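my_file.cif (mmCIF, C-alpha atoms and all ligand atoms)
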data_final
#
loop_
_atom_site.label_atom_id
_atom_site.label_comp_id
_atom_site.auth_asym_id
_atom_site.auth_seq_id
_atom_site.Cartn_x
_atom_site.Cartn_y
_atom_site.Cartn_z
CA MET B 1 4.72 -87.40 121.20
CA PRO B 2 2.87 -84.56 122.89
CA GLU B 3 0.56 -85.83 125.62
CA LEU B 4 -2.32 -84.10 127.37
CA PRO B 5 -0.19 -81.62 129.38
CA GLU B 6 1.78 -80.49 126.31
CA VAL B 7 -1.38 -79.98 124.25
CA GLU B 8 -3.00 -78.17 127.18
CA THR B 9 0.09 -75.93 127.29
CA VAL B 10 -0.43 -75.11 123.60
CA ARG B 11 -4.11 -74.42 124.25
CA ARG B 12 -3.45 -72.03 127.12
CA GLY B 13 -0.80 -70.16 125.15
CA LEU B 14 -3.05 -69.76 122.13
CA GLN B 15 -6.07 -68.86 124.24
CA ARG B 16 -3.99 -66.02 125.68
CA LEU B 17 -2.47 -64.86 122.39
CA ILE B 18 -4.80 -65.35 119.41
CA ILE B 19 -8.37 -64.73 120.63
CA GLY B 20 -10.08 -62.04 118.56
CA LYS B 21 -7.42 -62.07 115.84
CA ILE B 22 -8.75 -62.05 112.28
CA VAL B 23 -7.26 -64.39 109.68
CA LYS B 24 -5.80 -62.56 106.70
CA SER B 25 -4.34 -65.47 104.73
CA VAL B 26 -3.52 -69.16 104.95
CA SER B 27 -0.83 -71.07 103.06
CA HIS B 28 0.23 -74.69 103.30
CA ASP B 29 2.46 -77.22 101.56
CA THR B 30 1.24 -80.83 101.62
CA GLU B 31 -2.49 -81.70 101.46
CA LYS B 32 -1.84 -84.34 104.08
CA SER B 33 -1.13 -81.66 106.68
CA PHE B 34 -3.97 -79.39 105.54
CA PRO B 35 -6.73 -81.41 103.81
CA ASN B 36 -9.08 -78.48 103.11
CA SER B 37 -10.38 -77.14 99.80
CA PRO B 38 -9.23 -73.65 98.73
CA SER B 39 -12.87 -72.53 98.53
CA ALA B 40 -13.60 -73.67 102.10
CA VAL B 41 -10.46 -71.89 103.29
CA SER B 42 -11.42 -68.60 101.64
CA GLU B 43 -15.03 -68.88 102.76
CA PHE B 44 -14.68 -70.13 106.33
CA ILE B 45 -11.17 -69.26 107.55
CA VAL B 46 -10.02 -66.10 105.81
CA GLY B 47 -11.83 -63.10 107.33
CA SER B 48 -12.94 -65.07 110.40
CA SER B 49 -11.78 -64.32 113.89
CA ILE B 50 -10.66 -66.84 116.51
CA LEU B 51 -13.33 -67.12 119.22
CA LYS B 52 -11.91 -69.77 121.51
CA VAL B 53 -9.29 -72.51 121.72
CA HIS B 54 -10.54 -75.83 123.10
CA ARG B 55 -8.79 -79.11 123.75
CA ARG B 56 -10.19 -82.65 123.70
CA ALA B 57 -7.64 -85.33 124.62
CA LYS B 58 -4.60 -84.47 122.46
CA VAL B 59 -6.63 -82.57 119.85
CA LEU B 60 -6.88 -78.77 119.68
CA LEU B 61 -10.02 -77.09 118.40
CA LEU B 62 -9.77 -73.52 117.14
CA GLU B 63 -13.29 -72.15 117.08
CA LEU B 64 -13.85 -69.59 114.31
CA SER B 65 -16.49 -66.87 113.99
CA SER B 66 -17.68 -68.58 110.76
CA ASN B 67 -19.15 -71.44 112.85
CA TYR B 68 -16.34 -73.65 111.60
CA VAL B 69 -13.63 -75.26 113.70
CA LEU B 70 -10.03 -75.89 112.79
CA MET B 71 -9.18 -79.24 114.37
CA VAL B 72 -5.46 -79.71 115.00
CA HIS B 73 -3.71 -82.98 115.78
CA LEU B 74 0.01 -82.66 116.53
CA LYS B 75 0.64 -86.44 116.34
CA MET B 76 4.33 -87.41 116.67
CA THR B 77 6.24 -84.27 115.70
CA GLY B 78 3.72 -81.44 115.40
CA GLN B 79 4.24 -78.09 117.05
CA ILE B 80 2.58 -74.69 117.08
CA VAL B 81 4.53 -71.46 117.06
CA PHE B 82 2.97 -68.02 117.35
CA VAL B 83 5.06 -65.03 116.33
CA GLY B 84 3.76 -61.57 117.16
CA ASP B 85 4.66 -59.09 119.87
CA ASP B 86 5.21 -62.21 121.97
CA ARG B 87 6.59 -65.47 120.70
CA PHE B 88 5.11 -68.70 121.91
CA GLY B 89 5.85 -72.23 120.85
CA ALA B 90 4.91 -75.64 122.18
CA GLY B 91 4.53 -79.23 121.07
CA HIS B 92 7.35 -81.32 119.63
CA PRO B 93 10.67 -80.03 121.01
CA ASN B 94 13.07 -79.12 118.25
CA ASP B 95 14.83 -76.00 117.06
CA SER B 96 11.87 -74.86 114.95
CA LEU B 97 10.39 -73.61 118.25
CA ILE B 98 13.08 -70.93 118.30
CA ASN B 99 14.23 -70.70 114.63
CA ASN B 100 13.25 -68.10 112.10
CA LEU B 101 10.06 -69.35 110.45
CA PRO B 102 8.90 -70.66 108.08
CA ASP B 103 11.52 -73.41 107.90
CA LYS B 104 11.57 -76.81 106.21
CA SER B 105 9.23 -78.30 108.82
CA THR B 106 6.55 -75.62 108.32
CA ARG B 107 3.32 -77.11 106.89
CA VAL B 108 0.76 -74.36 107.47
CA VAL B 109 1.11 -70.60 107.91
CA ILE B 110 -1.85 -68.54 109.16
CA THR B 111 -1.34 -64.78 109.01
CA PHE B 112 -3.53 -62.42 111.01
CA THR B 113 -4.58 -58.91 109.99
CA ASP B 114 -2.43 -57.38 112.76
CA GLY B 115 0.72 -58.89 111.20
CA SER B 116 1.16 -61.73 113.69
CA THR B 117 1.54 -65.29 112.40
CA LEU B 118 0.70 -68.82 113.51
CA TYR B 119 2.93 -71.65 112.23
CA PHE B 120 2.08 -75.33 112.24
CA ASN B 121 5.37 -77.19 111.96
CA ASP B 122 5.59 -80.96 111.59
CA GLN B 123 8.80 -82.73 110.57
CA ARG B 124 7.26 -86.13 109.96
CA LYS B 125 3.92 -84.97 108.52
CA PHE B 126 1.66 -87.24 110.60
CA GLY B 127 -0.20 -84.29 112.11
CA TRP B 128 -2.92 -82.23 110.44
CA MET B 129 -5.20 -79.19 110.59
CA LYS B 130 -8.69 -79.99 109.39
CA LEU B 131 -11.57 -77.56 108.88
CA LEU B 132 -15.06 -78.75 109.74
CA PRO B 133 -18.44 -77.27 110.64
CA LYS B 134 -18.79 -76.79 114.39
CA GLU B 135 -21.85 -79.02 114.62
CA LEU B 136 -19.97 -81.96 113.07
CA VAL B 137 -17.02 -81.91 115.48
CA ASN B 138 -18.63 -84.34 117.91
CA GLU B 139 -19.46 -86.73 115.08
CA GLU B 140 -15.81 -87.26 114.18
CA PRO B 141 -14.93 -90.93 114.86
CA PHE B 142 -12.15 -89.85 117.20
CA MET B 143 -14.51 -87.70 119.29
CA GLN B 144 -17.02 -90.56 119.50
CA LYS B 145 -14.47 -93.06 120.77
CA VAL B 146 -12.25 -91.07 123.09
CA GLY B 147 -12.67 -91.57 126.85
CA PRO B 148 -13.29 -88.87 129.47
CA GLU B 149 -10.89 -86.05 130.32
CA PRO B 150 -8.90 -87.04 133.41
CA LEU B 151 -8.75 -83.52 134.84
CA GLU B 152 -12.45 -82.69 134.58
CA PRO B 153 -14.26 -82.58 137.95
CA GLU B 154 -16.68 -85.35 136.85
CA PHE B 155 -13.73 -87.72 136.46
CA THR B 156 -13.77 -89.04 140.02
CA ALA B 157 -11.82 -91.95 141.47
CA THR B 158 -14.97 -94.07 141.16
CA VAL B 159 -15.24 -93.30 137.44
CA PHE B 160 -11.54 -94.04 136.95
CA VAL B 161 -11.72 -97.41 138.73
CA ALA B 162 -14.84 -98.45 136.80
CA ARG B 163 -13.32 -97.52 133.43
CA ILE B 164 -9.97 -99.20 134.12
CA ARG B 165 -11.81 -102.38 135.19
CA ARG B 166 -13.32 -102.63 131.70
CA ARG B 167 -9.83 -103.78 130.67
CA LYS B 168 -9.52 -106.41 133.38
CA GLY B 169 -7.41 -108.85 131.35
CA THR B 170 -4.76 -106.38 130.14
CA SER B 171 -1.77 -104.85 131.87
CA ILE B 172 -2.47 -101.70 133.85
CA LYS B 173 -0.12 -99.76 131.59
CA ALA B 174 -2.03 -100.83 128.47
CA ALA B 175 -5.29 -99.79 130.16
CA LEU B 176 -3.90 -96.33 131.00
CA LEU B 177 -2.65 -95.85 127.44
CA ASP B 178 -5.99 -96.90 125.94
CA GLN B 179 -7.53 -93.60 124.76
CA THR B 180 -11.04 -95.09 124.91
CA VAL B 181 -10.59 -95.73 128.67
CA LEU B 182 -9.44 -92.19 129.42
CA ALA B 183 -8.15 -89.36 127.25
CA GLY B 184 -4.69 -88.00 126.73
CA VAL B 185 -2.37 -90.21 128.79
CA GLY B 186 0.75 -91.44 127.01
CA ASN B 187 3.99 -93.13 127.92
CA ILE B 188 5.50 -90.46 130.19
CA TYR B 189 2.56 -89.96 132.52
CA ALA B 190 1.69 -93.68 132.56
CA ASP B 191 5.19 -94.53 133.84
CA GLU B 192 5.29 -91.61 136.27
CA SER B 193 1.88 -92.30 137.82
CA LEU B 194 2.52 -96.07 138.13
CA TRP B 195 5.79 -95.37 139.93
CA GLY B 196 3.95 -92.94 142.21
CA ALA B 197 1.36 -95.60 143.07
CA LYS B 198 4.04 -98.35 143.43
CA ILE B 199 2.38 -100.53 140.80
CA HIS B 200 4.36 -102.50 138.24
CA PRO B 201 3.13 -101.52 134.73
CA ALA B 202 2.78 -105.17 133.66
CA THR B 203 0.35 -106.02 136.48
CA ILE B 204 -2.90 -107.39 135.09
CA VAL B 205 -5.79 -105.09 135.99
CA LYS B 206 -7.90 -107.77 137.72
CA LYS B 207 -5.06 -108.41 140.20
CA LEU B 208 -5.20 -104.82 141.47
CA ASP B 209 -7.56 -103.95 144.29
CA ASN B 210 -9.62 -100.76 144.43
CA SER B 211 -7.31 -99.05 146.90
CA GLN B 212 -4.36 -99.51 144.50
CA LEU B 213 -6.39 -98.07 141.61
CA GLU B 214 -7.52 -95.16 143.78
CA GLU B 215 -3.89 -94.44 144.60
CA LEU B 216 -3.08 -94.56 140.88
CA TYR B 217 -5.90 -92.10 140.19
CA LYS B 218 -4.41 -89.65 142.70
CA GLU B 219 -0.93 -90.03 141.25
CA LEU B 220 -2.15 -89.62 137.67
CA LYS B 221 -3.91 -86.37 138.49
CA PHE B 222 -0.88 -85.18 140.41
CA VAL B 223 1.58 -85.77 137.53
CA LEU B 224 -0.75 -84.31 134.88
CA GLU B 225 -1.40 -81.18 136.94
CA LEU B 226 2.27 -80.77 137.79
CA ALA B 227 3.24 -81.18 134.13
CA ILE B 228 0.77 -78.50 133.04
CA GLU B 229 2.11 -76.21 135.74
CA LYS B 230 5.66 -76.87 134.54
CA GLY B 231 4.74 -76.34 130.89
CA GLY B 232 4.86 -79.89 129.55
CA SER B 233 7.34 -82.69 129.47
CA THR B 234 9.83 -81.98 126.77
CA ASP B 235 13.45 -81.68 127.59
CA LYS B 236 15.09 -79.21 125.23
CA ASN B 237 14.37 -75.98 123.39
CA TYR B 238 10.90 -75.99 124.78
CA VAL B 239 9.31 -72.57 125.08
CA ASN B 240 6.06 -71.98 126.92
CA ALA B 241 3.69 -69.01 126.89
CA GLU B 242 6.16 -66.87 128.80
CA GLY B 243 9.12 -67.84 126.62
CA LYS B 244 10.49 -70.12 129.33
CA LYS B 245 11.60 -73.65 128.75
CA GLY B 246 9.20 -76.38 129.84
CA SER B 247 10.57 -78.41 132.68
CA TYR B 248 8.42 -81.38 133.69
CA ILE B 249 11.18 -83.77 132.66
CA ASP B 250 13.33 -82.20 135.40
CA PHE B 251 10.72 -83.40 137.87
CA ALA B 252 10.27 -86.89 136.39
CA ARG B 253 10.98 -89.55 138.98
CA VAL B 254 11.31 -92.61 136.74
CA PHE B 255 10.73 -91.71 133.08
CA ARG B 256 13.98 -91.77 131.06
CA ARG B 257 15.91 -92.29 134.30
CA GLU B 258 17.12 -95.85 133.64
CA GLY B 259 20.50 -96.41 135.31
CA LEU B 260 19.81 -93.67 137.85
CA ALA B 261 18.71 -94.06 141.47
CA CYS B 262 15.02 -94.30 142.38
CA PRO B 263 14.23 -91.09 144.31
CA ARG B 264 12.26 -93.12 146.87
CA CYS B 265 14.54 -96.10 147.64
CA SER B 266 17.77 -95.48 145.66
CA THR B 267 17.53 -98.75 143.71
CA ILE B 268 18.69 -98.39 140.10
CA ILE B 269 15.78 -97.73 137.73
CA GLU B 270 15.32 -100.26 134.95
CA LYS B 271 13.98 -99.97 131.43
CA SER B 272 11.90 -102.77 129.93
CA ARG B 273 9.05 -103.19 127.48
CA VAL B 274 5.39 -103.27 128.57
CA ALA B 275 2.33 -102.77 126.34
CA GLY B 276 4.76 -102.44 123.43
CA ARG B 277 6.36 -99.32 124.91
CA GLY B 278 9.65 -98.51 126.58
CA THR B 279 8.83 -98.67 130.29
CA HIS B 280 10.69 -97.32 133.29
CA THR B 281 10.33 -98.92 136.70
CA CYS B 282 11.96 -99.25 140.10
CA PRO B 283 12.38 -103.01 140.64
CA VAL B 284 11.93 -102.60 144.41
CA CYS B 285 9.10 -100.02 144.67
CA GLN B 286 7.21 -101.65 141.80
CA MET B 287 7.51 -105.41 142.34
CA ASN B 288 6.60 -107.40 139.25
CA ASN B 289 4.61 -110.54 140.00
CA GLU B 290 3.57 -111.08 136.41
CA GLU B 291 6.76 -112.28 134.70
CA ALA B 292 6.00 -109.78 131.94
ZN ZN I 1 12.30 -97.42 144.39
#
So, in terms of structure tokens, how does the structure I just supplied come out?
Amino acid sequence: MPELPEVETVRRGLQRLIIGKIVKSVSHDTEKSFPNSPSAVSEFIVGSSILKVHRRAKVLLLELSSNYVLMVHLKMTGQIVFVGDDRFGAGHPNDSLINNLPDKSTRVVITFTDGSTLYFNDQRKFGWMKLLPKELVNEEPFMQKVGPEPLEPEFTATVFVARIRRRKGTSIKAALLDQTVLAGVGNIYADESLWGAKIHPATIVKKLDNSQLEELYKELKFVLELAIEKGGSTDKNYVNAEGKKGSYIDFARVFRREGLACPRCSTIIEKSRVAGRGTHTCPVCQMNNEEA
């Protein structure tokens, strides 16, 4: 599933490529992927230009000149591909990123007046593109509940520690994955940051002292920023704004490295289950005192 860095990669690519473009036509297949009435589409999307591309947590917001916003959630298998003078694709890593489009995973096609095209592909159809008036965006239940953005300057170590401590009885991994605690962190960056801070993911939050949580804060920011710099986490057929493959997974120290040596102490990395998710740890660097 795309996490914050992958969605931020999509945002930066689109911000570079589609600003100012005017929508000529929109087509879609299932209503589930595009739950908007034909009259709203012709009134508020067709003929509008793209003003800005925002991101909140894992959600993209395409701001239109009609004062409407196209809200995009990639969910499990969503991806965005732009085809024009440049080609750009990001999100779920499969061959649709590089195939001729549309293909059988294409759910929405937005054509611009200059002949370029934006494809929303989604194999499993959990994702969607929803049109709503700009002033109602912040009233969406998701926007009301989601926690702060971890890379914003206001998100200091003090804020992080205070928010994590609201989940004092749960495992630290569950707290990191809780989107109401902070936005956008999923399995990859939870495992990577916990390894960086030498904390076992099953450790109950109240057993961690502030200095451990401050270390985790630093590691979390480090892995998120590195992943954005490397173009996201996916490991095959992943094309970023410059047509290069994304490569964070090449830099992962623990995620999906079970059976391989820990880069810090050479102990073999183990895979277990914490907070209901496949979890990668070094049994020496990240001692587990919880009997998870
Ligand atoms: Zn180790």
At most 10 Å is the cut-off: for each residue in chain B with any atom that close to an atom of ligand ZN 1 (chain I), write down the nearest atom pair and the distance in Å rounded to one decimal, counting only C-alpha atoms and all ligand atoms, chain first then increasing number, as JSON lines.
{"residue": "B:Trp195", "atom": "CA", "partner": "I:ZN1", "partner_atom": "ZN", "distance": 8.2}
{"residue": "B:Gly196", "atom": "CA", "partner": "I:ZN1", "partner_atom": "ZN", "distance": 9.7}
{"residue": "B:Lys198", "atom": "CA", "partner": "I:ZN1", "partner_atom": "ZN", "distance": 8.4}
{"residue": "B:Arg253", "atom": "CA", "partner": "I:ZN1", "partner_atom": "ZN", "distance": 9.6}
{"residue": "B:Val254", "atom": "CA", "partner": "I:ZN1", "partner_atom": "ZN", "distance": 9.1}
{"residue": "B:Ala261", "atom": "CA", "partner": "I:ZN1", "partner_atom": "ZN", "distance": 7.8}
{"residue": "B:Cys262", "atom": "CA", "partner": "I:ZN1", "partner_atom": "ZN", "distance": 4.6}
{"residue": "B:Pro263", "atom": "CA", "partner": "I:ZN1", "partner_atom": "ZN", "distance": 6.6}
{"residue": "B:Arg264", "atom": "CA", "partner": "I:ZN1", "partner_atom": "ZN", "distance": 5.0}
{"residue": "B:Cys265", "atom": "CA", "partner": "I:ZN1", "partner_atom": "ZN", "distance": 4.2}
{"residue": "B:Ser266", "atom": "CA", "partner": "I:ZN1", "partner_atom": "ZN", "distance": 5.9}
{"residue": "B:Thr267", "atom": "CA", "partner": "I:ZN1", "partner_atom": "ZN", "distance": 5.4}
{"residue": "B:Ile268", "atom": "CA", "partner": "I:ZN1", "partner_atom": "ZN", "distance": 7.8}
{"residue": "B:Ile269", "atom": "CA", "partner": "I:ZN1", "partner_atom": "ZN", "distance": 7.5}
{"residue": "B:Thr281", "atom": "CA", "partner": "I:ZN1", "partner_atom": "ZN", "distance": 8.1}
{"residue": "B:Cys282", "atom": "CA", "partner": "I:ZN1", "partner_atom": "ZN", "distance": 4.7}
{"residue": "B:Pro283", "atom": "CA", "partner": "I:ZN1", "partner_atom": "ZN", "distance": 6.7}
{"residue": "B:Val284", "atom": "CA", "partner": "I:ZN1", "partner_atom": "ZN", "distance": 5.2}
{"residue": "B:Cys285", "atom": "CA", "partner": "I:ZN1", "partner_atom": "ZN", "distance": 4.1}
{"residue": "B:Gln286", "atom": "CA", "partner": "I:ZN1", "partner_atom": "ZN", "distance": 7.1}
{"residue": "B:Met287", "atom": "CA", "partner": "I:ZN1", "partner_atom": "ZN", "distance": 9.5}
Quick one: residues within 8 Å of Val146 in chain B, all atoms listed in the file, excluding same-chain residues fewer than 6 positions away - as a PyMOL selection string? chain B and resi 57+179-183
Name the closest residue to Leu177 in chain B among the candidates B:Glu135, B:Pro153, B:Val274, B:Leu51; distances are taken between atoms, counting only C-alpha atoms. B:Val274
Might you pull out every residue within 12 Å of Asn67 in chain B, with only C-alpha atoms counted and same-chain residues fewer than 4 positions away left off, and present them as a PyMOL selection string? chain B and resi 43-45+48-52+62-63+131-137
Residues near Ile188 in chain B, cut-off 12 Å, only C-alpha atoms, skip fewer than 4 positions along chain, as a PyMOL selection string: chain B and resi 1-6+173+176-177+184+192-195+220+223-224+227+232-234+248-249+251-257+277-281
d(CA of Pro38 in chain B, CA of His92 in chain B) in Å: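 For CA of Pro38 in chain B relative to CA of His92 in chain B, the distance reads 27.8 Å.
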When you look at Val46 in chain B with a cut-off of 10 Å (counting all atoms listed in the file), what residues show up, excluding the ones that are within fewer than 4 positions of it in the same chain? I need them as an MDAnalysis selection string. chainID B and resid 22:26 40:42 64 66 110:113
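The two atoms in question, CA of Arg167 in chain B and CA of Val205 in chain B, are spaced 6.8 Å apart.
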Can you measure CA of Leu60 in chain B to CA of His73 in chain B for me? One decimal in Å is fine.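 Spanning CA of Leu60 in chain B to CA of His73 in chain B is a straight-line distance of 6.6 Å.
Each of B:Ile204, B:Ile80, B:Ala162, B:Ile19 was compared to Ile98 in chain B using only C-alpha atoms, and B:Ile80 turns out to be the nearest.
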Mind checking which residues fall within 8 Å of Lys206 in chain B, counting all atoms listed in the file, ignoring those fewer than 6 positions away in the same chain, and posting them as an MDAnalysis selection string? chainID B and resid 165 168:169
